Amino acid sequence: MTPSHSLLNSNMPSGSASLIWFRKGLRIHDNPALEYASRASAFVYPLFVIDPHYMEPDPKAFSPGSTRAGISRIRFLLESLADLDLSLKKLGSRLLVLKGEPSEVLIRCLKEWDVKKICFEYDTDPYYQALDNKIKNYASLAGIEVFSPVSHTLFNPADIIEKNGGRPPLSYQSFLKLAGEPSWASSPLLVELSSVPPVGDVASFEISQVPTLKELGYVQNDQQEELTPFRGGESEALRRLRESLSDKEWVANFEKPKGDPSAYIKPATTVLSPYLKFGCLSSRYFYQCLKDVYKNVKRHTSPPVSLVGQLLWREFFYTVAFGTPNFDKMNGNKICKQIPWNDDDELLAAWREARTGYPWIDAIMVQLREWGWMHHLARHCVACFLTRGDLFLHWEKGRDVFERLLIDSDWAINNGNWLWLSCSSFFYQYNRIYSPTSFGKKYDPHGDYIRHFLPILKDMPKEYIYEPWTAPLSVQNKAKCIIGRDYPKPVVSHDSASKECRRKMGEAYALNKKLNGVVSEDDVKSLRRRLDEDGGQEARGRRQRQKLIS
Ligand code: FAD
């Protein structure tokens with residue numbers, strides 16, 4: 001489905017009502033759906049639907065939160081809604097919050113409020129594509145105008161795919177060539193709204209305020225882990241943006257992947273991703289602001305490493321994700337190498353729960369669980385460790401953990417980066433593995449990042465902080481941290497595990513090449529069997545692992 005603006009009812013009477021359905025796009029600035037809803041309408045109903053699928057507490061989940069989202073992201077969303085409500089109130093309106101299955105709630109609202117036009121930001125996520133189709137079908141039968149503009153991304157992924165003959169570009173460079181400058185780039189975006197028409201009669205609906213975590217049924221107690229330090233909402237997004245842009249030299253010289261992944265007091269990147277994820281910040285506005293900075297400096301970096309380049313990585317993944325069936329799976333995904341990943345729940349749990357015994361990896365996983373945000377290179381390290389670097393576990397399992405715990409969790413970007421890091425797609429140099437002991441040390445030789453996120457190791461001397469199992473017992477005693485008791489021994493030996501991973505990746509790549517990419521599930525299974533059978537090395541590795549665990 002392409003974004004739509006179907007003018008089924010263009011002679012709308014001026015006393016009529018419009019509905020703006022907020023999902024992402026939780027902002028006033030550069031919000032074409034809100035702006036259009038406000039135009040020529042006597043009443044505007046700004047609606048957010050609390051979807052139980054996303055928000056209901058799930059006590060069985062592996063971390064506090066709902067089935068799909070960790071509590072930090074839910075809190076971030078509620079803060080963003082409260083901020084939006086406040087901004088709407090300043091414009092003479094307010095946010096209406098209802099609970100239930102979104103398409104059922106929406107259709108009831110459209111009927112009872114006699115809505116003549118419904119406006120919502122176009123969304124490429126499969127969940128919203130399905131939901132939006134239901135709403136569009138209903139609206140079309142009921143003669144309601146639908147306005148669904150592209151404003152979450154800089155480009156419309158469908159346009160890029162069309163320019164490329166119906167297929168998504170599979171490299172960043174080819175994406176750049178096709179995309180060029182966005183059509184709106186040189187015209188000013190609407191960033192201020194002076195008012196929004198009042199909310200009409202809400203009929204029989206019981207409208208609630210933006211709920212608190214407690215009102216949604218989340219129990220918070222004193223023992224609860226640290227929650228993310230990042231506050232949700234458009235106001236905070238714009239404040240953060242201003243702060244980042246105020247240092248023009250920093251913006252002009254921004255170069256990723258340079259930058260310190262262990263910097264946590266002042267992160268090395270903007271931390272605007274959660275705001276872009278929920279649309280508290282418009283990516284188009286961000287892009288225009290960056291271009292303004294570039295105009296006023298002598299020299300600046302360029303894509304792929306510049307800040308504009310980072311926004312274009314986002315666009316790249318959105319485009320490929322939109323044009324690739326089964327993008328979020330290995331099976332049935334044409335751009336994904338078929339690899340016989342191992343299945344090992346114990347190892348997966350050790351990784352997820354920050355118990356791998358590698359402090360650099362575990363500290364990153366604690367930052368993920370508590371903050372819901374880590375630096376890009378930190379994400380690289382733990383994703384590589386889980387998949388092709390050490391544990392040889394399926395990228396989909398790691399993706400699920402990130403999807404739940406990240407506050408910037410984004411369907412297209414998360415899946416795209418997991419495909420990349422596991423060498424399943426886009427990037428194929430599987431011999432290049434991040435060392436879980438020496439990579440972090442380059443940036444943070446004293447191990448301050450580890451000490452902060454793993455306080456059990458706070459007194460470990462810097463000589464041992466990245467490999468505490470090598471510390472003599474007297475040192476461990478003095479540091480009040482006995483390895484194997486207070487902090488785990490490594491779950492694998494990196495040297496042998498990474499060697500084994502390379503061997504398996506080599507075999508899997510050879511199979512994919514031999515079968516020209518058409519690898520069935522049975523082919524993958526028989527390769528796994530063969531690798532297990534003639535895996536003398538692997539058996540030795542496993543024995544070593546047992547030795548380390550016991
Ligand atoms: P900055 O460096 O300040 O960049 C500005 C913006 O550019 C970001 O906010 C983001 O929107 C975009 N961007 C930056 N890097 C990338 C990238 N590699 N791919 C796509 N867009 C990018 N990012 C998410 O937003 N959501 C995710 O779910 C997500 N999952 C990831 C999973 C893995 C395994 C890896 C390796 C990376 C993932 N990223 C994800 C990409 C990246 O790590 C984050 O976007 C970035 O660290 C966010 O921090 P920032 O806002 O300070 O980025």
# chains A, B, ... in the order shown; residues from 1 in each chain; ligands from 1
>>> residues_near_ligand(ligand="ligand 1", cutoff="6 Å", atoms="only C-alpha atoms and all ligand atoms", output="CSV table (one decimal) with N, CA, C and O atoms, in the first residue's frame")
chain,number,residue,atom,x,y,z
A,269,THR,N,27.2,10.3,20.9
A,269,THR,CA,26.3,10.6,19.8
A,269,THR,C,25.1,11.3,20.4
A,269,THR,O,25.1,11.6,21.6
A,270,THR,N,24.1,11.6,19.6
A,270,THR,CA,23.1,12.6,20.0
A,270,THR,C,22.1,12.0,21.0
A,270,THR,O,21.3,12.8,21.6
A,271,VAL,N,21.9,10.7,21.0
A,271,VAL,CA,20.8,10.0,21.7
A,271,VAL,C,19.5,10.6,21.3
A,271,VAL,O,18.6,11.0,22.1
A,272,LEU,N,19.3,10.8,20.0
A,272,LEU,CA,18.0,11.3,19.5
A,272,LEU,C,17.1,10.1,19.0
A,272,LEU,O,16.0,10.3,18.7
A,273,SER,N,17.7,8.9,19.0
A,273,SER,CA,17.0,7.8,18.4
A,273,SER,C,15.7,7.5,19.1
A,273,SER,O,14.7,7.2,18.3
A,276,LEU,N,13.3,9.9,17.7
A,276,LEU,CA,12.9,9.7,16.3
A,276,LEU,C,12.0,8.5,16.2
A,276,LEU,O,11.1,8.4,15.4
A,307,LEU,N,26.5,13.2,10.5
A,307,LEU,CA,25.2,13.0,11.1
A,307,LEU,C,24.0,12.9,10.1
A,307,LEU,O,23.1,12.1,10.3
A,310,GLN,N,24.0,9.5,9.1
A,310,GLN,CA,23.3,8.6,10.1
A,310,GLN,C,21.8,8.5,9.8
A,310,GLN,O,21.1,7.5,9.8
A,311,LEU,N,21.2,9.7,9.5
A,311,LEU,CA,19.8,9.7,9.2
A,311,LEU,C,19.5,9.0,7.9
A,311,LEU,O,18.5,8.3,7.7
A,313,TRP,N,21.2,6.3,7.0
A,313,TRP,CA,21.2,4.9,7.3
A,313,TRP,C,19.8,4.4,7.7
A,313,TRP,O,19.4,3.4,7.4
A,314,ARG,N,19.2,5.3,8.5
A,314,ARG,CA,17.8,5.0,8.9
A,314,ARG,C,16.9,4.8,7.7
A,314,ARG,O,16.1,3.9,7.6
A,375,HIS,N,25.5,2.9,22.9
A,375,HIS,CA,26.2,3.4,21.7
A,375,HIS,C,26.2,2.4,20.6
A,375,HIS,O,26.2,1.1,20.9
A,376,HIS,N,26.2,2.8,19.4
A,376,HIS,CA,26.1,1.9,18.2
A,376,HIS,C,27.2,0.8,18.3
A,376,HIS,O,26.9,-0.3,18.1
A,379,ARG,N,26.4,-1.8,20.7
A,379,ARG,CA,25.5,-2.8,20.1
A,379,ARG,C,26.2,-3.8,19.2
A,379,ARG,O,25.8,-5.0,19.2
A,380,HIS,N,27.1,-3.2,18.4
A,380,HIS,CA,27.9,-4.1,17.6
A,380,HIS,C,28.5,-5.3,18.4
A,380,HIS,O,28.5,-6.4,18.0
A,383,ALA,N,26.0,-7.9,19.7
A,383,ALA,CA,25.4,-8.6,18.7
A,383,ALA,C,26.3,-9.6,18.0
A,383,ALA,O,26.0,-10.7,17.7
A,408,ASP,N,14.6,2.9,21.9
A,408,ASP,CA,14.5,3.3,20.5
A,408,ASP,C,14.2,2.2,19.5
A,408,ASP,O,14.3,2.3,18.3
A,409,SER,N,13.7,1.1,20.1
A,409,SER,CA,13.4,-0.2,19.3
A,409,SER,C,12.6,0.2,18.1
A,409,SER,O,11.5,0.7,18.1
A,410,ASP,N,13.1,-0.2,16.9
A,410,ASP,CA,12.5,0.2,15.7
A,410,ASP,C,12.6,-1.0,14.7
A,410,ASP,O,13.7,-1.6,14.5
A,413,ILE,N,15.0,-0.7,11.6
A,413,ILE,CA,16.5,-0.5,11.9
A,413,ILE,C,17.0,-1.7,12.7
A,413,ILE,O,18.2,-2.1,12.5
A,414,ASN,N,16.3,-2.2,13.7
A,414,ASN,CA,16.7,-3.2,14.5
A,414,ASN,C,17.0,-4.5,13.7
A,414,ASN,O,18.1,-5.1,13.7
A,417,ASN,N,20.0,-4.0,11.3
A,417,ASN,CA,21.3,-4.1,12.0
A,417,ASN,C,21.7,-5.5,12.5
A,417,ASN,O,22.9,-5.8,12.5
A,418,TRP,N,20.7,-6.2,12.9
A,418,TRP,CA,21.0,-7.6,13.3
A,418,TRP,C,21.4,-8.4,12.1
A,418,TRP,O,22.3,-9.3,12.2
>>> residues_around(residues="Asp390 (chain A)", least_positions_apart="4", cutoff="9 Å", atoms="only C-alpha atoms", output="VMD selection string")
chain A and resid 384 to 386 433 492 to 501
>>> atom_distance(atom1="CA of Phe254 (chain A)", atom2="CA of Met374 (chain A)")
17.7 Å
>>> closest_residue(among="A:Ser262, A:Ser204, A:Asn133, A:Ser424", to="Phe439 (chain A)", atoms="only C-alpha atoms")
A:Ser262
>>> select_by_dssp(residues="region 7-218 of chain A", states="strand (DSSP E)", output="PyMOL selection string")
chain A and resi 17-22+43-50+96-99+115-119+145-148
>>> residues_around(residues="Glu255 (chain A)", least_positions_apart="3", cutoff="6 Å", atoms="only C-alpha atoms", output="number ranges by chain")
A: 258, 305-306
>>> write_last_selection(atoms="N, CA, C and O atoms", output="mmCIF file, in the first residue's frame")
data_model
loop_
_atom_site.group_PDB
_atom_site.id
_atom_site.type_symbol
_atom_site.label_atom_id
_atom_site.label_comp_id
_atom_site.auth_asym_id
_atom_site.auth_seq_id
_atom_site.Cartn_x
_atom_site.Cartn_y
_atom_site.Cartn_z
ATOM 1 N N LYS A 258 33.855 6.554 14.446
ATOM 2 C CA LYS A 258 34.704 7.113 15.503
ATOM 3 C C LYS A 258 33.779 7.557 16.646
ATOM 4 O O LYS A 258 32.643 7.894 16.415
ATOM 5 N N VAL A 305 29.509 8.779 7.174
ATOM 6 C CA VAL A 305 29.943 8.955 8.560
ATOM 7 C C VAL A 305 29.323 10.163 9.267
ATOM 8 O O VAL A 305 29.304 10.236 10.487
ATOM 9 N N SER A 306 28.801 11.131 8.495
ATOM 10 C CA SER A 306 28.298 12.376 9.102
ATOM 11 C C SER A 306 26.960 12.132 9.801
ATOM 12 O O SER A 306 26.356 11.062 9.673
#
>>> residues_around(residues="Glu226 (chain A)", least_positions_apart="3", cutoff="9 Å", atoms="only C-alpha atoms", output="ChimeraX atom specification")
/A:223,229,369-371
>>> select_by_dssp(residues="region 402-540 of chain A", states="helix (DSSP H, G or I)", output="MDAnalysis selection string")
chainID A and resid 402:405 411:421 439:443 448:453 455:457 468:470 473:478 494:514 521:533 536:540
>>> residues_around(residues="region 59-61 of chain A", least_positions_apart="3", cutoff="12 Å", atoms="only C-alpha atoms", output="list in words")
Glu56, Pro64, Gly65, Ser66, Thr67, Arg68, Ala69, Gly70, Ile71, Gly217, Tyr218, Val219, Asp400, Val401, Arg404 and Leu405 of chain A
>>> write_last_selection(atoms="N, CA, C and O atoms", output="PDB file, in the first residue's frame")
ATOM      1  N   GLU A  56      -0.220  -3.967  27.754  1.00  0.00           N
ATOM      2  CA  GLU A  56      -0.700  -4.695  28.941  1.00  0.00           C
ATOM      3  C   GLU A  56       0.453  -5.355  29.696  1.00  0.00           C
ATOM      4  O   GLU A  56       1.287  -6.022  29.071  1.00  0.00           O
ATOM      5  N   PRO A  64      10.584  -6.575  33.554  1.00  0.00           N
ATOM      6  CA  PRO A  64       9.342  -5.840  33.798  1.00  0.00           C
ATOM      7  C   PRO A  64       8.858  -5.167  32.518  1.00  0.00           C
ATOM      8  O   PRO A  64       9.655  -4.634  31.756  1.00  0.00           O
ATOM      9  N   GLY A  65       7.549  -5.207  32.300  1.00  0.00           N
ATOM     10  CA  GLY A  65       6.996  -4.586  31.094  1.00  0.00           C
ATOM     11  C   GLY A  65       5.833  -5.390  30.551  1.00  0.00           C
ATOM     12  O   GLY A  65       5.265  -6.241  31.246  1.00  0.00           O
ATOM     13  N   SER A  66       5.482  -5.133  29.305  1.00  0.00           N
ATOM     14  CA  SER A  66       4.406  -5.878  28.653  1.00  0.00           C
ATOM     15  C   SER A  66       5.018  -7.042  27.880  1.00  0.00           C
ATOM     16  O   SER A  66       6.218  -7.290  27.968  1.00  0.00           O
ATOM     17  N   THR A  67       4.205  -7.731  27.096  1.00  0.00           N
ATOM     18  CA  THR A  67       4.741  -8.841  26.308  1.00  0.00           C
ATOM     19  C   THR A  67       5.762  -8.329  25.296  1.00  0.00           C
ATOM     20  O   THR A  67       6.753  -8.983  25.015  1.00  0.00           O
ATOM     21  N   ARG A  68       5.511  -7.149  24.775  1.00  0.00           N
ATOM     22  CA  ARG A  68       6.350  -6.666  23.668  1.00  0.00           C
ATOM     23  C   ARG A  68       7.351  -5.586  24.057  1.00  0.00           C
ATOM     24  O   ARG A  68       8.302  -5.352  23.330  1.00  0.00           O
ATOM     25  N   ALA A  69       7.103  -4.910  25.169  1.00  0.00           N
ATOM     26  CA  ALA A  69       7.974  -3.763  25.471  1.00  0.00           C
ATOM     27  C   ALA A  69       8.417  -3.760  26.924  1.00  0.00           C
ATOM     28  O   ALA A  69       7.609  -4.019  27.827  1.00  0.00           O
ATOM     29  N   GLY A  70       9.693  -3.451  27.133  1.00  0.00           N
ATOM     30  CA  GLY A  70      10.212  -3.294  28.493  1.00  0.00           C
ATOM     31  C   GLY A  70       9.640  -2.022  29.116  1.00  0.00           C
ATOM     32  O   GLY A  70       9.170  -1.120  28.417  1.00  0.00           O
ATOM     33  N   ILE A  71       9.716  -1.969  30.444  1.00  0.00           N
ATOM     34  CA  ILE A  71       9.039  -0.880  31.163  1.00  0.00           C
ATOM     35  C   ILE A  71       9.638   0.496  30.835  1.00  0.00           C
ATOM     36  O   ILE A  71       8.927   1.504  30.807  1.00  0.00           O
ATOM     37  N   GLY A 217      -1.248  -0.769  35.522  1.00  0.00           N
ATOM     38  CA  GLY A 217      -1.111  -2.054  36.219  1.00  0.00           C
ATOM     39  C   GLY A 217       0.324  -2.470  36.468  1.00  0.00           C
ATOM     40  O   GLY A 217       0.582  -3.595  36.872  1.00  0.00           O
ATOM     41  N   TYR A 218       1.283  -1.565  36.240  1.00  0.00           N
ATOM     42  CA  TYR A 218       2.685  -1.912  36.509  1.00  0.00           C
ATOM     43  C   TYR A 218       3.001  -1.633  37.964  1.00  0.00           C
ATOM     44  O   TYR A 218       2.681  -0.557  38.464  1.00  0.00           O
ATOM     45  N   VAL A 219       3.584  -2.647  38.612  1.00  0.00           N
ATOM     46  CA  VAL A 219       3.917  -2.462  40.016  1.00  0.00           C
ATOM     47  C   VAL A 219       5.347  -1.955  40.074  1.00  0.00           C
ATOM     48  O   VAL A 219       6.245  -2.568  39.502  1.00  0.00           O
ATOM     49  N   ASP A 400      15.055 -10.176  19.234  1.00  0.00           N
ATOM     50  CA  ASP A 400      13.887 -10.128  20.131  1.00  0.00           C
ATOM     51  C   ASP A 400      14.219  -9.418  21.446  1.00  0.00           C
ATOM     52  O   ASP A 400      13.405  -8.658  21.968  1.00  0.00           O
ATOM     53  N   VAL A 401      15.411  -9.696  21.972  1.00  0.00           N
ATOM     54  CA  VAL A 401      15.793  -9.081  23.248  1.00  0.00           C
ATOM     55  C   VAL A 401      15.939  -7.565  23.064  1.00  0.00           C
ATOM     56  O   VAL A 401      15.426  -6.767  23.861  1.00  0.00           O
ATOM     57  N   ARG A 404      12.561  -5.780  22.604  1.00  0.00           N
ATOM     58  CA  ARG A 404      11.824  -5.564  23.842  1.00  0.00           C
ATOM     59  C   ARG A 404      12.453  -4.451  24.698  1.00  0.00           C
ATOM     60  O   ARG A 404      11.750  -3.601  25.236  1.00  0.00           O
ATOM     61  N   LEU A 405      13.771  -4.455  24.812  1.00  0.00           N
ATOM     62  CA  LEU A 405      14.409  -3.607  25.828  1.00  0.00           C
ATOM     63  C   LEU A 405      14.842  -2.221  25.354  1.00  0.00           C
ATOM     64  O   LEU A 405      14.992  -1.312  26.169  1.00  0.00           O
TER      65      LEU A 405
END
>>> atom_distance(atom1="CA of Ser41 (chain A)", atom2="CA of Glu206 (chain A)")
23.2 Å
>>> residues_around(residues="Trp373 (chain A)", least_positions_apart="6", cutoff="7 Å", atoms="only C-alpha atoms", output="ChimeraX atom specification")
/A:367,406-407
>>> write_last_selection(atoms="N, CA, C and O atoms", output="PDB file, in the first residue's frame")
ATOM      1  N   GLN A 367      23.422  -2.037  30.575  1.00  0.00           N
ATOM      2  CA  GLN A 367      22.991  -0.718  30.075  1.00  0.00           C
ATOM      3  C   GLN A 367      21.724  -0.867  29.226  1.00  0.00           C
ATOM      4  O   GLN A 367      20.801  -0.056  29.319  1.00  0.00           O
ATOM      5  N   LEU A 406      15.074  -2.053  24.066  1.00  0.00           N
ATOM      6  CA  LEU A 406      15.534  -0.737  23.601  1.00  0.00           C
ATOM      7  C   LEU A 406      14.424   0.298  23.727  1.00  0.00           C
ATOM      8  O   LEU A 406      13.263  -0.002  23.397  1.00  0.00           O
ATOM      9  N   ILE A 407      14.759   1.510  24.159  1.00  0.00           N
ATOM     10  CA  ILE A 407      13.723   2.549  24.118  1.00  0.00           C
ATOM     11  C   ILE A 407      13.595   3.099  22.700  1.00  0.00           C
ATOM     12  O   ILE A 407      12.600   3.700  22.350  1.00  0.00           O
TER      13      ILE A 407
END
>>> closest_residue(among="A:Glu121, A:Glu236, A:Glu315, A:Asp344", to="Leu391 (chain A)", atoms="only C-alpha atoms")
A:Asp344
>>> residues_around(residues="region 453-465 of chain A", least_positions_apart="5", cutoff="12 Å", atoms="only C-alpha atoms", output="count of residues only")
52
>>> closest_residue(among="A:Pro169, A:Arg231, A:Phe316, A:Trp411", to="Thr124 (chain A)", atoms="only C-alpha atoms")
A:Trp411
>>> closest_atom_pairs(of="region 376-449 of chain A", to="region 170-179 of chain A", cutoff="10 Å", atoms="only C-alpha atoms", output="CSV")
residue,atom,partner,partner_atom,distance
A:Ser425,CA,A:Leu170,CA,9.1
A:Phe426,CA,A:Ser171,CA,6.9
A:Phe427,CA,A:Ser171,CA,9.6
>>> write_last_selection(atoms="N, CA and C atoms", output="mmCIF file, in the first residue's frame")
data_model
loop_
_atom_site.group_PDB
_atom_site.id
_atom_site.type_symbol
_atom_site.label_atom_id
_atom_site.label_comp_id
_atom_site.auth_asym_id
_atom_site.auth_seq_id
_atom_site.Cartn_x
_atom_site.Cartn_y
_atom_site.Cartn_z
ATOM 1 N N SER A 425 23.377 -10.499 6.092
ATOM 2 C CA SER A 425 23.078 -9.657 4.932
ATOM 3 C C SER A 425 23.904 -8.378 5.026
ATOM 4 N N PHE A 426 24.028 -7.670 3.934
ATOM 5 C CA PHE A 426 24.694 -6.360 3.822
ATOM 6 C C PHE A 426 26.206 -6.411 4.040
ATOM 7 N N PHE A 427 26.654 -7.115 5.081
ATOM 8 C CA PHE A 427 28.073 -7.120 5.463
ATOM 9 C C PHE A 427 28.508 -8.580 5.582
#
>>> closest_atom_pairs(of="region 307-352 of chain A", to="region 525-530 of chain A", cutoff="10 Å", atoms="only C-alpha atoms", output="CSV")
residue,atom,partner,partner_atom,distance
A:Ile339,CA,A:Arg528,CA,8.6
A:Pro340,CA,A:Arg528,CA,5.3
A:Trp341,CA,A:Arg528,CA,7.8
A:Asn342,CA,A:Arg528,CA,8.1
>>> closest_residue(among="A:Asp125, A:Asp132, A:Asp159, A:Glu79", to="Ser103 (chain A)", atoms="only C-alpha atoms")
A:Asp132
>>> closest_residue(among="A:Pro57, A:Pro274, A:Pro32, A:Pro126", to="Lys214 (chain A)", atoms="only C-alpha atoms")
A:Pro57
>>> closest_residue(among="A:Gly372, A:Pro490, A:Gly416, A:Gly166", to="Ser63 (chain A)", atoms="only C-alpha atoms")
A:Gly372
>>> atom_distance(atom1="CA of Ala158 (chain A)", atom2="CA of Trp184 (chain A)")
16.6 Å
